[in-house]
$ cat work_11.cif   # mmCIF, C-alpha atoms (C1' of nucleotides)
data_my_file
#
loop_
_atom_site.label_atom_id
_atom_site.label_comp_id
_atom_site.auth_asym_id
_atom_site.auth_seq_id
_atom_site.Cartn_x
_atom_site.Cartn_y
_atom_site.Cartn_z
CA MET L 1 1.31 -6.96 1.05
CA PRO L 2 0.26 -7.22 -2.47
CA GLU L 3 2.24 -5.80 -5.32
CA LEU L 4 2.46 -7.21 -8.82
CA PRO L 5 4.33 -10.41 -7.84
CA GLU L 6 2.02 -11.21 -4.94
CA VAL L 7 -1.10 -10.49 -6.99
CA GLU L 8 0.25 -12.66 -9.81
CA VAL L 9 0.89 -15.54 -7.40
CA VAL L 10 -2.61 -15.16 -5.97
CA CYS L 11 -4.06 -15.30 -9.50
CA ARG L 12 -2.15 -18.47 -10.28
CA SER L 13 -3.35 -20.14 -7.10
CA LEU L 14 -6.91 -18.97 -7.76
CA ARG L 15 -6.85 -20.54 -11.22
CA GLN L 16 -6.05 -23.89 -9.69
CA ALA L 17 -8.72 -23.46 -7.04
CA ILE L 18 -11.82 -22.05 -8.68
CA ILE L 19 -11.72 -22.17 -12.51
CA GLY L 20 -14.81 -24.07 -13.67
CA ARG L 21 -16.58 -23.72 -10.31
CA THR L 22 -20.12 -22.40 -10.10
CA ILE L 23 -21.03 -19.81 -7.47
CA THR L 24 -23.80 -20.90 -5.10
CA ALA L 25 -23.82 -18.08 -2.54
CA PHE L 26 -22.51 -14.58 -1.93
CA GLN L 27 -22.34 -12.75 1.36
CA ALA L 28 -20.82 -9.34 2.22
CA THR L 29 -20.79 -8.45 5.90
CA LEU L 30 -18.87 -5.24 5.14
CA PRO L 31 -20.77 -3.79 2.14
CA LYS L 32 -18.58 -0.70 1.83
CA LEU L 33 -15.92 -2.90 0.22
CA LEU L 34 -18.28 -3.25 -2.74
CA LYS L 35 -17.44 -0.19 -4.84
CA LEU L 36 -19.33 -0.86 -8.07
CA PRO L 37 -22.26 -1.15 -7.85
CA TYR L 38 -21.65 0.69 -4.59
CA GLN L 39 -22.63 -1.07 -1.35
CA ALA L 40 -25.01 -3.41 -3.11
CA PRO L 41 -24.69 -6.94 -1.72
CA GLU L 42 -28.06 -8.00 -3.17
CA LEU L 43 -27.05 -6.96 -6.67
CA PHE L 44 -23.73 -8.79 -6.36
CA ALA L 45 -25.54 -11.91 -5.13
CA GLU L 46 -28.13 -11.74 -7.88
CA ARG L 47 -25.56 -11.57 -10.66
CA LEU L 48 -22.98 -13.91 -9.13
CA ILE L 49 -25.11 -16.84 -7.98
CA GLY L 50 -25.34 -19.45 -10.72
CA ALA L 51 -22.42 -17.99 -12.67
CA GLN L 52 -19.39 -20.07 -13.49
CA ILE L 53 -15.75 -18.91 -13.21
CA VAL L 54 -14.20 -19.11 -16.65
CA ASN L 55 -10.95 -17.17 -16.42
CA ILE L 56 -8.74 -15.24 -14.03
CA ARG L 57 -6.41 -12.47 -15.14
CA ARG L 58 -4.20 -9.85 -13.53
CA ARG L 59 -3.80 -6.23 -14.60
CA GLY L 60 -1.42 -4.22 -12.42
CA LYS L 61 -2.52 -5.04 -8.89
CA TYR L 62 -6.09 -5.86 -9.94
CA ILE L 63 -7.48 -9.40 -10.08
CA LEU L 64 -10.08 -9.93 -12.80
CA ILE L 65 -12.36 -12.91 -12.42
CA GLY L 66 -14.27 -13.68 -15.62
CA LEU L 67 -17.70 -15.31 -15.46
CA ASN L 68 -19.67 -17.22 -18.08
CA ASN L 69 -22.50 -14.65 -17.96
CA ASP L 70 -20.11 -12.05 -19.36
CA ASP L 71 -19.73 -10.34 -15.99
CA ASN L 72 -16.36 -9.60 -14.42
CA LEU L 73 -15.64 -9.60 -10.72
CA THR L 74 -12.63 -7.36 -10.16
CA VAL L 75 -10.80 -7.33 -6.84
CA HIS L 76 -8.10 -5.03 -5.47
CA LEU L 77 -6.39 -6.23 -2.28
CA ARG L 78 -4.97 -2.80 -1.31
CA MET L 79 -2.77 -3.14 1.80
CA THR L 80 -3.95 -6.17 3.74
CA GLY L 81 -6.54 -7.93 1.61
CA LYS L 82 -6.36 -11.71 1.18
CA LEU L 83 -8.38 -14.07 -1.00
CA LEU L 84 -8.45 -17.45 0.71
CA TYR L 85 -9.84 -20.66 -0.74
CA GLN L 86 -10.99 -22.63 2.26
CA SER L 87 -13.19 -25.47 3.38
CA PRO L 88 -16.30 -24.32 5.26
CA GLU L 89 -15.01 -26.40 8.17
CA ILE L 90 -12.20 -23.94 8.71
CA LEU L 91 -13.37 -21.15 10.98
CA ARG L 92 -13.69 -17.80 9.26
CA GLY L 93 -11.20 -15.23 10.47
CA LYS L 94 -12.08 -12.15 12.50
CA HIS L 95 -11.45 -10.00 9.44
CA CYS L 96 -13.35 -12.08 6.90
CA HIS L 97 -15.73 -9.61 5.24
CA ILE L 98 -16.89 -11.26 2.02
CA VAL L 99 -17.63 -14.92 1.21
CA ILE L 100 -18.26 -16.54 -2.17
CA ALA L 101 -19.38 -20.17 -1.95
CA PHE L 102 -18.99 -22.78 -4.71
CA ASP L 103 -20.72 -25.91 -5.90
CA ASN L 104 -18.12 -28.12 -4.19
CA GLY L 105 -18.86 -26.56 -0.80
CA TYR L 106 -15.60 -24.64 -0.63
CA GLU L 107 -15.52 -20.89 -0.12
CA LEU L 108 -13.48 -17.99 -1.42
CA ARG L 109 -13.12 -15.66 1.55
CA PHE L 110 -11.96 -12.07 1.46
CA ASP L 111 -10.06 -11.29 4.62
CA ASP L 112 -8.87 -7.72 5.17
CA VAL L 113 -7.65 -6.26 8.46
CA ARG L 114 -7.61 -2.65 7.27
CA GLN L 115 -10.80 -2.82 5.23
CA PHE L 116 -9.30 -0.98 2.26
CA GLY L 117 -10.00 -3.71 -0.31
CA SER L 118 -12.29 -3.14 -3.29
CA PHE L 119 -14.75 -5.30 -5.23
CA TYR L 120 -16.22 -4.27 -8.56
CA LEU L 121 -18.82 -6.14 -10.59
CA THR L 122 -19.15 -4.99 -14.19
CA GLY L 123 -19.86 -6.37 -17.61
CA SER L 124 -16.66 -7.54 -19.27
CA ASN L 125 -16.91 -4.60 -21.69
CA GLU L 126 -17.44 -2.09 -18.86
CA LEU L 127 -14.10 -2.52 -17.15
CA GLN L 128 -13.16 1.05 -18.00
CA GLN L 129 -15.73 2.15 -15.41
CA ILE L 130 -13.17 1.14 -12.80
CA ASN L 131 -11.15 4.35 -12.68
CA GLY L 132 -7.91 3.00 -11.24
CA LEU L 133 -7.94 0.09 -13.66
CA ALA L 134 -8.65 2.28 -16.68
CA ALA L 135 -5.76 4.61 -15.81
CA LEU L 136 -3.12 1.89 -15.52
CA GLY L 137 0.11 2.15 -17.48
CA ILE L 138 2.01 -0.62 -19.22
CA GLU L 139 2.51 -4.16 -17.86
CA PRO L 140 6.21 -4.28 -16.97
CA LEU L 141 6.55 -8.01 -17.67
CA GLY L 142 4.81 -7.81 -21.04
CA GLU L 143 6.52 -7.85 -24.42
CA GLU L 144 5.62 -4.25 -25.12
CA PHE L 145 7.62 -2.98 -22.18
CA THR L 146 10.88 -2.51 -24.05
CA LEU L 147 13.88 -0.37 -23.16
CA ALA L 148 12.71 2.11 -25.78
CA TYR L 149 9.29 2.30 -24.11
CA LEU L 150 10.86 2.99 -20.73
CA GLN L 151 13.04 5.67 -22.30
CA SER L 152 9.96 7.36 -23.73
CA LEU L 153 8.29 7.26 -20.31
CA ILE L 154 11.13 8.86 -18.37
CA LYS L 155 12.13 11.43 -20.98
CA GLY L 156 11.75 14.97 -19.70
CA LYS L 157 10.09 13.95 -16.42
CA THR L 158 11.25 15.57 -13.19
CA GLN L 159 9.38 13.23 -10.85
CA LYS L 160 11.60 11.52 -8.28
CA ALA L 161 12.60 8.00 -9.31
CA LYS L 162 10.72 6.44 -6.39
CA ALA L 163 7.56 8.43 -7.13
CA PHE L 164 7.83 7.52 -10.80
CA LEU L 165 7.95 3.79 -10.08
CA LEU L 166 4.99 4.01 -7.69
CA ASP L 167 2.88 5.92 -10.22
CA GLN L 168 0.52 3.29 -11.63
CA ARG L 169 -0.25 5.47 -14.68
CA HIS L 170 3.27 4.90 -16.00
CA ILE L 171 4.02 1.30 -15.13
CA ALA L 172 1.40 -0.93 -13.51
CA GLY L 173 1.98 -3.05 -10.44
CA ILE L 174 5.12 -1.76 -8.72
CA GLY L 175 4.61 -0.97 -5.02
CA ASN L 176 6.75 0.18 -2.14
CA ILE L 177 8.79 -2.99 -1.63
CA TYR L 178 9.70 -3.65 -5.24
CA ALA L 179 10.29 0.04 -6.00
CA ASP L 180 12.99 0.13 -3.30
CA GLU L 181 14.53 -3.15 -4.47
CA ILE L 182 14.47 -2.08 -8.13
CA LEU L 183 16.24 1.22 -7.35
CA PHE L 184 18.87 -0.59 -5.32
CA GLU L 185 19.58 -3.06 -8.11
CA ALA L 186 19.74 -0.22 -10.64
CA HIS L 187 22.01 1.89 -8.38
CA ILE L 188 19.58 4.80 -8.49
CA HIS L 189 18.90 7.06 -5.52
CA PRO L 190 15.15 7.19 -4.76
CA ALA L 191 15.17 11.02 -4.76
CA GLU L 192 16.90 11.28 -8.15
CA SER L 193 14.81 12.94 -10.85
CA ILE L 194 13.83 10.16 -13.25
CA GLY L 195 14.59 12.39 -16.24
CA ASN L 196 18.20 12.62 -15.04
CA ILE L 197 18.69 8.99 -16.05
CA VAL L 198 19.98 9.87 -19.50
CA GLU L 199 22.88 7.45 -20.04
CA LYS L 200 21.70 4.40 -21.97
CA ILE L 201 23.62 2.08 -19.64
CA ASN L 202 21.71 3.46 -16.65
CA GLN L 203 18.37 3.26 -18.42
CA GLN L 204 19.15 -0.31 -19.32
CA GLN L 205 20.00 -1.12 -15.70
CA LEU L 206 16.69 0.32 -14.57
CA TRP L 207 14.76 -1.59 -17.24
CA GLN L 208 16.48 -4.83 -16.30
CA ALA L 209 16.02 -4.25 -12.57
CA ILE L 210 12.26 -3.75 -13.04
CA ARG L 211 11.89 -7.02 -14.96
CA HIS L 212 14.33 -8.90 -12.76
CA GLN L 213 12.93 -7.90 -9.36
CA LEU L 214 9.33 -8.50 -10.36
CA SER L 215 9.98 -11.86 -11.98
CA ARG L 216 12.13 -13.05 -9.10
CA GLY L 217 9.37 -11.97 -6.72
CA ILE L 218 6.93 -14.18 -8.63
CA GLU L 219 9.37 -17.11 -8.74
CA MET L 220 9.78 -16.95 -4.97
CA GLY L 221 6.04 -16.89 -4.39
CA GLY L 222 6.00 -13.19 -3.42
CA SER L 223 7.23 -11.31 -0.35
CA SER L 224 5.57 -12.28 2.92
CA ILE L 225 6.38 -9.31 5.14
CA LYS L 226 3.65 -9.61 7.73
CA ASP L 227 0.97 -11.97 6.63
CA TYR L 228 0.84 -12.23 2.85
CA VAL L 229 -0.22 -15.67 1.60
CA ASP L 230 -1.71 -16.96 -1.64
CA SER L 231 -5.24 -18.37 -1.85
CA PHE L 232 -4.06 -21.73 -0.48
CA GLY L 233 -2.46 -20.03 2.53
CA GLN L 234 1.06 -20.48 1.15
CA ALA L 235 3.60 -17.79 2.15
CA GLY L 236 6.27 -16.45 -0.20
CA SER L 237 9.99 -16.25 0.47
CA TYR L 238 11.27 -13.27 -1.47
CA GLN L 239 11.45 -11.20 1.72
CA GLU L 240 14.57 -13.22 2.60
CA TYR L 241 16.34 -11.69 -0.37
CA HIS L 242 15.37 -8.05 0.09
CA CYS L 243 18.43 -5.81 0.01
CA VAL L 244 16.97 -2.54 1.27
CA TYR L 245 13.22 -2.69 1.97
CA GLY L 246 12.68 -2.81 5.73
CA ARG L 247 16.44 -2.81 6.36
CA SER L 248 17.15 0.78 7.45
CA GLY L 249 19.86 0.83 10.11
CA GLN L 250 21.24 -2.51 8.89
CA PRO L 251 24.38 -2.93 6.78
CA CYS L 252 24.12 -2.96 2.98
CA ARG L 253 24.50 -6.50 1.65
CA GLN L 254 26.86 -5.21 -1.02
CA CYS L 255 29.09 -2.66 0.71
CA GLY L 256 28.30 -2.70 4.42
CA THR L 257 27.20 0.94 4.56
CA THR L 258 24.23 1.52 6.86
CA ILE L 259 20.93 1.53 4.96
CA GLU L 260 19.09 4.84 5.32
CA ARG L 261 15.42 5.76 5.18
CA MET L 262 13.65 8.84 3.84
CA THR L 263 10.08 9.71 2.96
CA ILE L 264 9.16 10.16 -0.71
CA SER L 265 5.59 10.39 -1.98
CA GLY L 266 4.53 9.84 1.59
CA ARG L 267 6.11 6.39 1.62
CA GLY L 268 9.11 5.16 3.54
CA SER L 269 12.01 4.61 1.16
CA CYS L 270 15.06 2.59 2.11
CA TYR L 271 18.30 2.88 0.18
CA CYS L 272 22.05 2.49 0.44
CA PRO L 273 23.63 5.97 0.40
CA ASN L 274 26.81 4.49 -1.03
CA CYS L 275 25.42 2.20 -3.75
CA GLN L 276 22.67 4.63 -4.78
CA ARG L 277 24.06 8.11 -5.41
CA ILE L 278 22.33 11.26 -6.59
CA MET L 279 23.77 11.93 -10.03
CA THR L 280 25.79 15.07 -10.45
CA SER L 281 25.23 15.00 -14.20
CA ALA L 282 22.21 17.28 -13.73
CA ARG L 283 24.63 20.18 -14.27
CA HIS L 284 25.06 21.40 -17.84
"C1'" DA G 1 3.46 18.86 -13.46
"C1'" DA G 2 4.79 17.55 -9.03
"C1'" DT G 3 4.33 17.38 -4.18
"C1'" DT G 4 2.17 17.42 0.24
"C1'" DG G 5 -1.33 16.42 3.38
"C1'" DT G 6 -5.49 13.96 4.52
"C1'" DA G 7 -8.52 10.14 4.58
"C1'" DC G 8 -9.77 5.44 4.75
"C1'" DC G 9 -8.91 1.29 8.93
"C1'" DT G 10 -6.72 -2.00 12.36
"C1'" DG G 11 -2.71 -3.81 14.31
"C1'" DT G 12 2.07 -3.90 15.96
"C1'" DC G 13 6.02 -2.26 18.02
"C1'" DA G 14 9.28 0.91 20.40
"C1'" DG G 15 9.72 4.01 24.08
"C1'" DC G 16 8.32 5.92 28.39
"C1'" DT Z 1 0.97 -2.92 32.59
"C1'" DG Z 2 -0.70 0.82 30.26
"C1'" DC Z 3 -0.34 4.79 27.23
"C1'" DT Z 4 1.30 7.34 23.02
"C1'" DG Z 5 3.01 7.95 18.62
"C1'" DA Z 6 5.02 6.17 14.45
"C1'" DC Z 7 4.38 3.17 10.97
"C1'" DA Z 8 2.48 -0.56 7.69
"C1'" DG Z 9 2.06 -4.06 1.19
"C1'" DG Z 10 -2.38 1.26 -1.67
"C1'" DT Z 11 -4.85 4.76 -3.68
"C1'" DA Z 12 -8.06 8.78 -4.14
"C1'" DC Z 13 -8.70 13.54 -3.51
"C1'" DA Z 14 -7.86 18.44 -2.31
"C1'" DA Z 15 -4.75 22.07 -1.85
"C1'" DT Z 16 -0.50 24.39 -3.01
#

$ encode --input "work_11.cif" --output "structure tokens"
Amino acid sequence: MPELPEVEVVCRSLRQAIIGRTITAFQATLPKLLKLPYQAPELFAERLIGAQIVNIRRRGKYILIGLNNDDNLTVHLRMTGKLLYQSPEILRGKHCHIVIAFDNGYELRFDDVRQFGSFYLTGSNELQQINGLAALGIEPLGEEFTLAYLQSLIKGKTQKAKAFLLDQRHIAGIGNIYADEILFEAHIHPAESIGNIVEKINQQQLWQAIRHQLSRGIEMGGSSIKDYVDSFGQAGSYQEYHCVYGRSGQPCRQCGTTIERMTISGRGSCYCPNCQRIMTSARH
DNA sequence: AATTGTACCTGTCAGC
DNA sequence: TGCTGACAGGTACAAT
């Protein structure tokens, strides 16, 4: 579900829903989702109750909820996590594991079928204690992510292009869907060594595809493959425009060739064997 | 440095 | 109607 565009859309909806609200209750029926402090519902409750939500930010696929007591509640949705802002009158779902209640009676509910989601509560100056967050690479939609920066990242690397895009230490926020779509737009085969992209025109195409796919994903409210929705329950529509993700066996939208699938980095990777060729320029 | 396998979980879908 | 296996938006860790 949630890659950079979906997480960004969730953050935007959360800002509308809960900025300025004061927390009145906290309940975790699946404490193992609390990673820091580990499995400590009482500690979370103690520090959260009475605190007011002052800001909400995104970093990679992490959601950072800033509180007026200088604490930060950080959430990672992993595969199937959802943050839903709902009236207490709406029945909680079967997979609702964490509930944060507010002064207006509404609740922020964490719903997660696969139970992979993560909650971290730290001081705002202790965010580096969250390992995955501390290790994140550059924000691809930020000003600092220039073509030159991308060139410096890929130079000399032999990682496969798909693995490179999924590696959060290089660029933060790209997941399996957008990686496939980016490589299709950039005409790069997922198994191509990233360091083989040496022509400036190809590097530029990759840079543009990263920015373009992610920002279009946000504009369309994200990709709702199975059940992704924002905190108001709103689905996205970018899945209607996917060219390769989830389309193996179907004809390429550009050339009609059958989309193929292979496994890279343990993830299914869909690509058009005609539009995305392995470069032969690896020879000397 | 890069890659593979395993683990964490539940649900869905295709095939028999 | 079952049953089985493959697979699913992510990441951490161990082994090679």

$ closest_atom_pairs --input "work_11.cif" --of "chain G" --to "chain L" --cutoff "8 Å" --atoms "all atoms listed in the file" --output "tab-separated table"
residue	atom	partner	partner_atom	distance
G:DA2	C1'	L:Gln159	CA	6.6
G:DT3	C1'	L:Ser265	CA	7.4
G:DC8	C1'	L:Phe116	CA	6.9
G:DC9	C1'	L:Arg114	CA	4.5
G:DT10	C1'	L:Arg114	CA	5.2

$ residues_around --input "work_11.cif" --residues "DA7 (chain G)" --least-positions-apart "4" --cutoff "12 Å" --atoms "all atoms listed in the file" --output "ChimeraX atom specification"
/L:116 /Z:11-14

$ resolve_selection --input "work_11.cif" --expression "the PyMOL selection byres ((chain L) within 9 of (chain Z))" --output "list in words"
Met1, Pro2, Glu3, Leu77, Arg78, Met79, Thr80, Phe116, Gly132, Gly175, Asn176, Ile177, Ile225, Lys226 and Tyr228 of chain L

$ atom_distance --input "work_11.cif" --atom1 "CA of Asp70 (chain L)" --atom2 "CA of Ile130 (chain L)"
16.3 Å

$ atom_distance --input "work_11.cif" --atom1 "CA of Thr258 (chain L)" --atom2 "CA of His242 (chain L)"
14.7 Å

$ resolve_selection --input "work_11.cif" --expression "the PyMOL selection byres ((chain L and resi 97-105) around 12)" --output "PyMOL selection string"
chain L and resi 17-34+41+44-45+48-53+73+75+81-90+92-96+106-119

$ atom_distance --input "work_11.cif" --atom1 "CA of Asn274 (chain L)" --atom2 "CA of Gln254 (chain L)"
9.7 Å

$ resolve_selection --input "work_11.cif" --expression "the PyMOL selection byres ((chain L and resi 207-216) around 6)" --output "VMD selection string"
chain L and resid 5 182 185 to 186 204 to 206 217 to 219

$ residues_near_point --input "work_11.cif" --point "(25.8, 0.2, 1.6)" --cutoff "6 Å" --atoms "all atoms listed in the file" --output "ChimeraX atom specification"
/L:252,255-258,272,274-275

$ residues_around --input "work_11.cif" --residues "Gly221 (chain L)" --least-positions-apart "2" --cutoff "10 Å" --atoms "only C-alpha atoms (C1' of nucleotides)" --output "short mmCIF file (atom, residue, chain, number, x, y, z; two decimals) with C-alpha atoms, in the frame of the given file"
data_model
loop_
_atom_site.label_atom_id
_atom_site.label_comp_id
_atom_site.auth_asym_id
_atom_site.auth_seq_id
_atom_site.Cartn_x
_atom_site.Cartn_y
_atom_site.Cartn_z
CA PRO L 5 4.33 -10.41 -7.84
CA GLU L 6 2.02 -11.21 -4.94
CA VAL L 7 -1.10 -10.49 -6.99
CA GLU L 8 0.25 -12.66 -9.81
CA VAL L 9 0.89 -15.54 -7.40
CA VAL L 10 -2.61 -15.16 -5.97
CA SER L 215 9.98 -11.86 -11.98
CA ARG L 216 12.13 -13.05 -9.10
CA GLY L 217 9.37 -11.97 -6.72
CA ILE L 218 6.93 -14.18 -8.63
CA GLU L 219 9.37 -17.11 -8.74
CA SER L 223 7.23 -11.31 -0.35
CA SER L 224 5.57 -12.28 2.92
CA VAL L 229 -0.22 -15.67 1.60
CA ASP L 230 -1.71 -16.96 -1.64
CA GLN L 234 1.06 -20.48 1.15
CA ALA L 235 3.60 -17.79 2.15
CA GLY L 236 6.27 -16.45 -0.20
CA SER L 237 9.99 -16.25 0.47
CA TYR L 238 11.27 -13.27 -1.47
CA GLN L 239 11.45 -11.20 1.72
#

$ axis_aligned_box --input "work_11.cif" --around "region 3-6 of chain Z" --padding-each-side "8 Å" --output "lines of an AutoDock Vina configuration file"
center_x = 2.3
center_y = 6.4
center_z = 20.8
size_x = 21.4
size_y = 19.2
size_z = 28.8

$ build_atoms --input "work_11.cif" --residues "region 28-44 of chain L" --atoms "N, CA and C atoms" --output "PDB file, keeping the file's coordinate frame"
ATOM      1  N   ALA L  28     -21.739 -10.433   1.894  1.00  0.00           N
ATOM      2  CA  ALA L  28     -20.820  -9.340   2.220  1.00  0.00           C
ATOM      3  C   ALA L  28     -21.227  -8.732   3.552  1.00  0.00           C
ATOM      4  N   THR L  29     -20.452  -9.004   4.589  1.00  0.00           N
ATOM      5  CA  THR L  29     -20.790  -8.450   5.900  1.00  0.00           C
ATOM      6  C   THR L  29     -20.220  -7.045   6.069  1.00  0.00           C
ATOM      7  N   LEU L  30     -19.408  -6.610   5.121  1.00  0.00           N
ATOM      8  CA  LEU L  30     -18.870  -5.240   5.140  1.00  0.00           C
ATOM      9  C   LEU L  30     -19.121  -4.631   3.753  1.00  0.00           C
ATOM     10  N   PRO L  31     -20.354  -4.183   3.501  1.00  0.00           N
ATOM     11  CA  PRO L  31     -20.770  -3.790   2.140  1.00  0.00           C
ATOM     12  C   PRO L  31     -19.962  -2.645   1.562  1.00  0.00           C
ATOM     13  N   LYS L  32     -19.313  -1.843   2.399  1.00  0.00           N
ATOM     14  CA  LYS L  32     -18.580  -0.700   1.830  1.00  0.00           C
ATOM     15  C   LYS L  32     -17.399  -1.152   0.979  1.00  0.00           C
ATOM     16  N   LEU L  33     -17.001  -2.408   1.082  1.00  0.00           N
ATOM     17  CA  LEU L  33     -15.920  -2.900   0.220  1.00  0.00           C
ATOM     18  C   LEU L  33     -16.412  -3.066  -1.222  1.00  0.00           C
ATOM     19  N   LEU L  34     -17.708  -3.135  -1.394  1.00  0.00           N
ATOM     20  CA  LEU L  34     -18.280  -3.250  -2.740  1.00  0.00           C
ATOM     21  C   LEU L  34     -18.363  -1.841  -3.331  1.00  0.00           C
ATOM     22  N   LYS L  35     -17.551  -1.557  -4.325  1.00  0.00           N
ATOM     23  CA  LYS L  35     -17.440  -0.190  -4.840  1.00  0.00           C
ATOM     24  C   LYS L  35     -18.307   0.050  -6.067  1.00  0.00           C
ATOM     25  N   LEU L  36     -18.584  -1.022  -6.814  1.00  0.00           N
ATOM     26  CA  LEU L  36     -19.330  -0.860  -8.070  1.00  0.00           C
ATOM     27  C   LEU L  36     -20.051  -2.158  -8.392  1.00  0.00           C
ATOM     28  N   PRO L  37     -21.383  -2.209  -8.360  1.00  0.00           N
ATOM     29  CA  PRO L  37     -22.260  -1.150  -7.850  1.00  0.00           C
ATOM     30  C   PRO L  37     -22.014  -0.943  -6.354  1.00  0.00           C
ATOM     31  N   TYR L  38     -22.094   0.329  -5.934  1.00  0.00           N
ATOM     32  CA  TYR L  38     -21.650   0.690  -4.590  1.00  0.00           C
ATOM     33  C   TYR L  38     -22.553   0.130  -3.498  1.00  0.00           C
ATOM     34  N   GLN L  39     -21.941  -0.558  -2.545  1.00  0.00           N
ATOM     35  CA  GLN L  39     -22.630  -1.070  -1.350  1.00  0.00           C
ATOM     36  C   GLN L  39     -23.908  -1.807  -1.682  1.00  0.00           C
ATOM     37  N   ALA L  40     -23.799  -2.726  -2.654  1.00  0.00           N
ATOM     38  CA  ALA L  40     -25.010  -3.410  -3.110  1.00  0.00           C
ATOM     39  C   ALA L  40     -24.871  -4.924  -3.055  1.00  0.00           C
ATOM     40  N   PRO L  41     -24.861  -5.495  -1.854  1.00  0.00           N
ATOM     41  CA  PRO L  41     -24.690  -6.940  -1.720  1.00  0.00           C
ATOM     42  C   PRO L  41     -25.739  -7.737  -2.469  1.00  0.00           C
ATOM     43  N   GLU L  42     -26.976  -7.239  -2.499  1.00  0.00           N
ATOM     44  CA  GLU L  42     -28.060  -8.000  -3.170  1.00  0.00           C
ATOM     45  C   GLU L  42     -27.785  -8.101  -4.666  1.00  0.00           C
ATOM     46  N   LEU L  43     -27.325  -6.951  -5.238  1.00  0.00           N
ATOM     47  CA  LEU L  43     -27.050  -6.960  -6.670  1.00  0.00           C
ATOM     48  C   LEU L  43     -25.892  -7.892  -7.010  1.00  0.00           C
ATOM     49  N   PHE L  44     -24.858  -7.881  -6.163  1.00  0.00           N
ATOM     50  CA  PHE L  44     -23.730  -8.790  -6.360  1.00  0.00           C
ATOM     51  C   PHE L  44     -24.243 -10.231  -6.316  1.00  0.00           C
TER      52      PHE L  44
END
